[in-house]
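Worksheet: one structure, shown below.
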Amino acid sequence: MTEARATVGALSRETLARRLAGDGIAVRTGPFVTRLRLPLDELAASLRLLYADFPVDSSGFADFDVTARRLGRGKIEFLIDGERRFAPVARGIALPMLEWAINWCLYTFSHQYLLIHAAVVERKGRALVMTGRPGAGKSTLCAALVGRGWRLFSDEFAVISPDDGRLWPIARPIALKNDSIERIRRLVAGAVLGPTSDDTHKGRVAHMRAPAASVRRADEPARAGWIVFPNRADDGVAALAPVPGGRAFFRLADNAFNYHFHGAAGFEAVCRMIDACDCLDLGYADLEDAVAALDRLVDGEAR
Amino acid sequence: MTDRRERDSDGEARRGAPRPGETVWRRPDGVRLSWKVFDDEIVVFNAFSGQTHLLDGFSALVLEEIEHAPASRDALAARLAGRFDLGDAAALAERLDAVLAEFDRQGLADPTVPNPAAP
């Protein structure tokens, strides 16, 4: 009999809550290990739902340490490595705040990688990187593509090894906002969504659980094949149009969290990425239409 | 026009020898550039400043000339005249002045007046 894989979901509800309220548990998300100390029952329940398939790391090492602390009057705060980094928030938005706190750790501390604000999915061994302005629909497209069988890397970060250009998956839950929550519920059969948090600074937020298959393959990197810049329009058929390399370069660099940190190595990494990819604008009005266009792109049927 | 013909006919020796008091454009000390050509767009990384710049073909050629060797504005204009169809010499000079001013602002080129006493 093989030993059961130590995952968050393998822990009983009581054990998980007890450990989160005590020394915490270290959760591995791709190349990162985050120690979580969350003495809040609702966060324990959300973690058990959304992170069920993620490995619990027992090495004793963690890249980040995230602790939630109760304050008075329905407020909580999050500490990073024991230090206050954020203003207190209402307990009702604890889950999105936890996700943002983990994101903050990644882009603040993880300079061994070139980090670009992007949604990344993979199919046929190549990664599709979607980046652009906030509100362009990156996370929604990401969730819809994952619902169609693409492998989830991240809805928030392209994690790139600057020396060889490989992208690393994280496969954490996908953050959906406002109308996207219902759109994904309708579009993705079997989507598992966590609780909806109202009144965040981004409106309503709910998180979609990553497919177990994506989480299991979180140690398999991929090279980028496509860089897509989505743009939502009021109407029209989804259309892909080439973007010149120089402009694509600046759009990527502008959306990077730490391009300047890497200096010449970052410049070379972005150059190699542009060289290796088809760079395309995606104009779309309808989510399913956009997903079909990206499916066709990867199948080589159309631009 | 006479002045231009004289400079052209003088060839390389004249180009490398600015007139006394003439401004020469040169690569600033410490600047190291990495280049990447994407069709007609050129991206240049300046390791000294950490800045990345997007250049068109004309600007890239001006920068390449300055990186190769310091040159006066007139010498640059002479070298570029046969390579870009910008209408007349005045249009070329106007475009060149704008590019050089931008390079000065971005730290990609320095306008200097050589010291005649220097060896």
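All residue names refer to the structure tokens as shown: chains lettered A, B, ... in order, residues numbered from 1 in each chain, ligands numbered from 1 in order.
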*Which parts of stretch 61-117 of chain B does DSSP call helix (DSSP H, G or I) when run on the backbone here, written out as a PyMOL selection string?*
chain B and resi 61-68+73-81+89-106
Please produce a file of the residues just selected, as a compact mmCIF listing (two decimals), in the first residue's frame, where the atoms kept are N, CA and C atoms.
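Okay, out.txt is ready:
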# COMPACT_ATOMS: atom_id res chain seq x y z
N LEU B 61 19.78 54.04 -36.43
CA LEU B 61 21.00 54.25 -37.22
C LEU B 61 21.82 55.41 -36.64
N VAL B 62 21.13 56.45 -36.21
CA VAL B 62 21.85 57.57 -35.59
C VAL B 62 22.59 57.08 -34.34
N LEU B 63 21.90 56.31 -33.54
CA LEU B 63 22.53 55.82 -32.30
C LEU B 63 23.70 54.89 -32.62
N GLU B 64 23.52 54.08 -33.63
CA GLU B 64 24.59 53.16 -34.03
C GLU B 64 25.83 53.93 -34.47
N GLU B 65 25.61 55.01 -35.22
CA GLU B 65 26.73 55.84 -35.68
C GLU B 65 27.46 56.45 -34.49
N ILE B 66 26.70 56.95 -33.54
CA ILE B 66 27.32 57.59 -32.37
C ILE B 66 28.06 56.55 -31.54
N GLU B 67 27.47 55.37 -31.45
CA GLU B 67 28.12 54.31 -30.68
C GLU B 67 29.43 53.89 -31.34
N HIS B 68 29.44 53.93 -32.67
CA HIS B 68 30.64 53.54 -33.42
C HIS B 68 31.76 54.55 -33.21
N ARG B 73 26.91 66.82 -35.62
CA ARG B 73 25.58 66.73 -36.26
C ARG B 73 25.70 66.77 -37.77
N ASP B 74 26.59 67.61 -38.30
CA ASP B 74 26.74 67.69 -39.75
C ASP B 74 27.33 66.41 -40.32
N ALA B 75 28.28 65.83 -39.59
CA ALA B 75 28.86 64.57 -40.07
C ALA B 75 27.81 63.46 -40.07
N LEU B 76 26.99 63.44 -39.04
CA LEU B 76 25.91 62.44 -38.99
C LEU B 76 24.95 62.65 -40.15
N ALA B 77 24.61 63.91 -40.40
CA ALA B 77 23.68 64.20 -41.50
C ALA B 77 24.25 63.73 -42.82
N ALA B 78 25.55 63.93 -43.00
CA ALA B 78 26.18 63.52 -44.27
C ALA B 78 26.12 62.01 -44.43
N ARG B 79 26.35 61.30 -43.35
CA ARG B 79 26.34 59.84 -43.43
C ARG B 79 24.94 59.29 -43.67
N LEU B 80 23.93 59.97 -43.13
CA LEU B 80 22.56 59.46 -43.23
C LEU B 80 21.86 59.92 -44.50
N ALA B 81 22.41 60.94 -45.14
CA ALA B 81 21.70 61.55 -46.27
C ALA B 81 21.37 60.55 -47.36
N ALA B 89 17.67 68.39 -47.43
CA ALA B 89 18.65 68.38 -46.34
C ALA B 89 18.08 69.03 -45.08
N ALA B 90 17.23 70.03 -45.27
CA ALA B 90 16.66 70.71 -44.11
C ALA B 90 15.76 69.76 -43.32
N ALA B 91 15.00 68.94 -44.03
CA ALA B 91 14.12 67.99 -43.35
C ALA B 91 14.94 66.96 -42.59
N LEU B 92 16.01 66.52 -43.23
CA LEU B 92 16.89 65.56 -42.57
C LEU B 92 17.50 66.16 -41.30
N ALA B 93 17.98 67.40 -41.43
CA ALA B 93 18.61 68.07 -40.29
C ALA B 93 17.60 68.26 -39.15
N GLU B 94 16.38 68.60 -39.51
CA GLU B 94 15.35 68.81 -38.49
C GLU B 94 15.06 67.51 -37.74
N ARG B 95 14.94 66.44 -38.52
CA ARG B 95 14.68 65.12 -37.90
C ARG B 95 15.86 64.71 -37.03
N LEU B 96 17.05 64.94 -37.52
CA LEU B 96 18.25 64.57 -36.77
C LEU B 96 18.35 65.35 -35.47
N ASP B 97 18.05 66.63 -35.54
CA ASP B 97 18.09 67.45 -34.32
C ASP B 97 17.11 66.93 -33.27
N ALA B 98 15.94 66.54 -33.73
CA ALA B 98 14.94 66.03 -32.79
C ALA B 98 15.40 64.73 -32.15
N VAL B 99 15.99 63.87 -32.96
CA VAL B 99 16.47 62.58 -32.44
C VAL B 99 17.61 62.80 -31.45
N LEU B 100 18.54 63.67 -31.81
CA LEU B 100 19.68 63.92 -30.91
C LEU B 100 19.22 64.54 -29.59
N ALA B 101 18.27 65.44 -29.67
CA ALA B 101 17.74 66.03 -28.43
C ALA B 101 17.10 64.97 -27.55
N GLU B 102 16.39 64.05 -28.18
CA GLU B 102 15.76 62.97 -27.43
C GLU B 102 16.81 62.05 -26.81
N PHE B 103 17.85 61.74 -27.57
CA PHE B 103 18.93 60.91 -27.03
C PHE B 103 19.61 61.60 -25.84
N ASP B 104 19.78 62.90 -25.96
CA ASP B 104 20.38 63.66 -24.86
C ASP B 104 19.51 63.54 -23.61
N ARG B 105 18.21 63.69 -23.80
CA ARG B 105 17.28 63.59 -22.67
C ARG B 105 17.28 62.19 -22.06
N GLN B 106 17.43 61.18 -22.91
CA GLN B 106 17.36 59.79 -22.44
C GLN B 106 18.71 59.27 -21.93
*Could you write out as a ChimeraX atom specification the residues of chain B within 7 Å of chain A, counting only C-alpha atoms?*
/B:38,41-43,45,47,50,54
_Who sits within 7 Å of stretch 171-181 of chain A, only C-alpha atoms, same chain under 3 positions skipped, as a list in words_ =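 Contacts, with the query itself left out: Thr29, Leu50, Ser139, Thr140, Ala143, Leu152, Phe153, Ser154, Asp155, Ile184, Arg185, Gly203, Arg204, Val205, Ala206, His207, Met208, Arg209, Ala210, Ser214, Val215 and Ala218 of chain A.
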Selected residues written out, N, CA and C atoms, as an mmCIF file, in the first residue's frame:
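Saved file result.cif follows:
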data_model
loop_
_atom_site.group_PDB
_atom_site.id
_atom_site.type_symbol
_atom_site.label_atom_id
_atom_site.label_comp_id
_atom_site.auth_asym_id
_atom_site.auth_seq_id
_atom_site.Cartn_x
_atom_site.Cartn_y
_atom_site.Cartn_z
ATOM 1 N N THR A 29 2.804 25.597 -3.852
ATOM 2 C CA THR A 29 2.106 26.001 -5.075
ATOM 3 C C THR A 29 3.178 26.198 -6.144
ATOM 4 N N LEU A 50 -10.622 25.055 -1.799
ATOM 5 C CA LEU A 50 -9.917 25.588 -2.977
ATOM 6 C C LEU A 50 -8.501 25.042 -3.128
ATOM 7 N N SER A 139 -8.434 37.006 -16.318
ATOM 8 C CA SER A 139 -8.796 35.912 -15.413
ATOM 9 C C SER A 139 -10.024 35.166 -15.919
ATOM 10 N N THR A 140 -10.969 35.898 -16.475
ATOM 11 C CA THR A 140 -12.186 35.260 -16.992
ATOM 12 C C THR A 140 -11.847 34.353 -18.168
ATOM 13 N N ALA A 143 -10.113 31.275 -16.820
ATOM 14 C CA ALA A 143 -11.037 30.301 -16.234
ATOM 15 C C ALA A 143 -11.801 29.560 -17.328
ATOM 16 N N LEU A 152 -3.960 24.952 -16.225
ATOM 17 C CA LEU A 152 -3.800 26.241 -15.541
ATOM 18 C C LEU A 152 -2.367 26.415 -15.039
ATOM 19 N N PHE A 153 -1.782 27.531 -15.381
ATOM 20 C CA PHE A 153 -0.519 27.952 -14.763
ATOM 21 C C PHE A 153 -0.810 28.991 -13.686
ATOM 22 N N SER A 154 -1.480 30.072 -14.084
ATOM 23 C CA SER A 154 -1.837 31.114 -13.127
ATOM 24 C C SER A 154 -2.750 32.115 -13.820
ATOM 25 N N ASP A 155 -3.644 32.711 -13.065
ATOM 26 C CA ASP A 155 -4.439 33.810 -13.639
ATOM 27 C C ASP A 155 -3.804 35.160 -13.329
ATOM 28 N N ILE A 184 -18.783 32.477 -15.557
ATOM 29 C CA ILE A 184 -18.012 31.232 -15.460
ATOM 30 C C ILE A 184 -18.869 30.103 -14.886
ATOM 31 N N ARG A 185 -19.730 30.438 -13.948
ATOM 32 C CA ARG A 185 -20.644 29.402 -13.430
ATOM 33 C C ARG A 185 -21.469 28.809 -14.571
ATOM 34 N N GLY A 203 -14.768 45.029 -6.010
ATOM 35 C CA GLY A 203 -16.153 44.593 -6.150
ATOM 36 C C GLY A 203 -16.340 43.208 -5.561
ATOM 37 N N ARG A 204 -17.269 42.428 -6.160
ATOM 38 C CA ARG A 204 -17.488 41.057 -5.692
ATOM 39 C C ARG A 204 -16.376 40.166 -6.223
ATOM 40 N N VAL A 205 -15.888 39.269 -5.385
ATOM 41 C CA VAL A 205 -14.798 38.377 -5.792
ATOM 42 C C VAL A 205 -15.130 36.957 -5.337
ATOM 43 N N ALA A 206 -14.918 36.012 -6.236
ATOM 44 C CA ALA A 206 -15.000 34.587 -5.878
ATOM 45 C C ALA A 206 -13.854 33.868 -6.579
ATOM 46 N N HIS A 207 -13.442 32.759 -6.017
ATOM 47 C CA HIS A 207 -12.292 32.039 -6.564
ATOM 48 C C HIS A 207 -12.706 30.675 -7.106
ATOM 49 N N MET A 208 -12.187 30.360 -8.265
ATOM 50 C CA MET A 208 -12.461 29.064 -8.887
ATOM 51 C C MET A 208 -11.308 28.113 -8.579
ATOM 52 N N ARG A 209 -11.646 26.923 -8.131
ATOM 53 C CA ARG A 209 -10.618 25.939 -7.797
ATOM 54 C C ARG A 209 -9.907 25.459 -9.062
ATOM 55 N N ALA A 210 -8.616 25.294 -8.960
ATOM 56 C CA ALA A 210 -7.850 24.764 -10.093
ATOM 57 C C ALA A 210 -8.172 23.296 -10.291
ATOM 58 N N SER A 214 -4.157 20.051 -13.115
ATOM 59 C CA SER A 214 -3.223 21.179 -13.193
ATOM 60 C C SER A 214 -2.354 21.231 -11.944
ATOM 61 N N VAL A 215 -2.959 20.997 -10.803
ATOM 62 C CA VAL A 215 -2.203 21.055 -9.546
ATOM 63 C C VAL A 215 -1.157 19.940 -9.510
ATOM 64 N N ALA A 218 2.111 20.690 -11.329
ATOM 65 C CA ALA A 218 2.664 22.006 -11.005
ATOM 66 C C ALA A 218 4.190 22.028 -11.003
#
*asked:* Let's see if you can do this: from backbone DSSP, list all strand (DSSP E or B) residues in stretch 86-190 of chain A, as a ChimeraX atom specification.
replied: /A:89-90,114-123,126-131,151-154,157-160,167-168,174-177
*asked:* Under the rule that only C-alpha atoms are counted, which of B:Asp88, B:Phe58, B:His53, B:Asp110 is the nearest residue to B:Lys36?
replied: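 Ranked by minimum distance to B:Lys36, first place goes to B:His53.
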*asked:* Can you measure atom CA of A:Ser197 to atom CA of A:Leu79 for me? One decimal in Å is fine.
replied: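 Computing it gives 20.5 Å between the two atoms.
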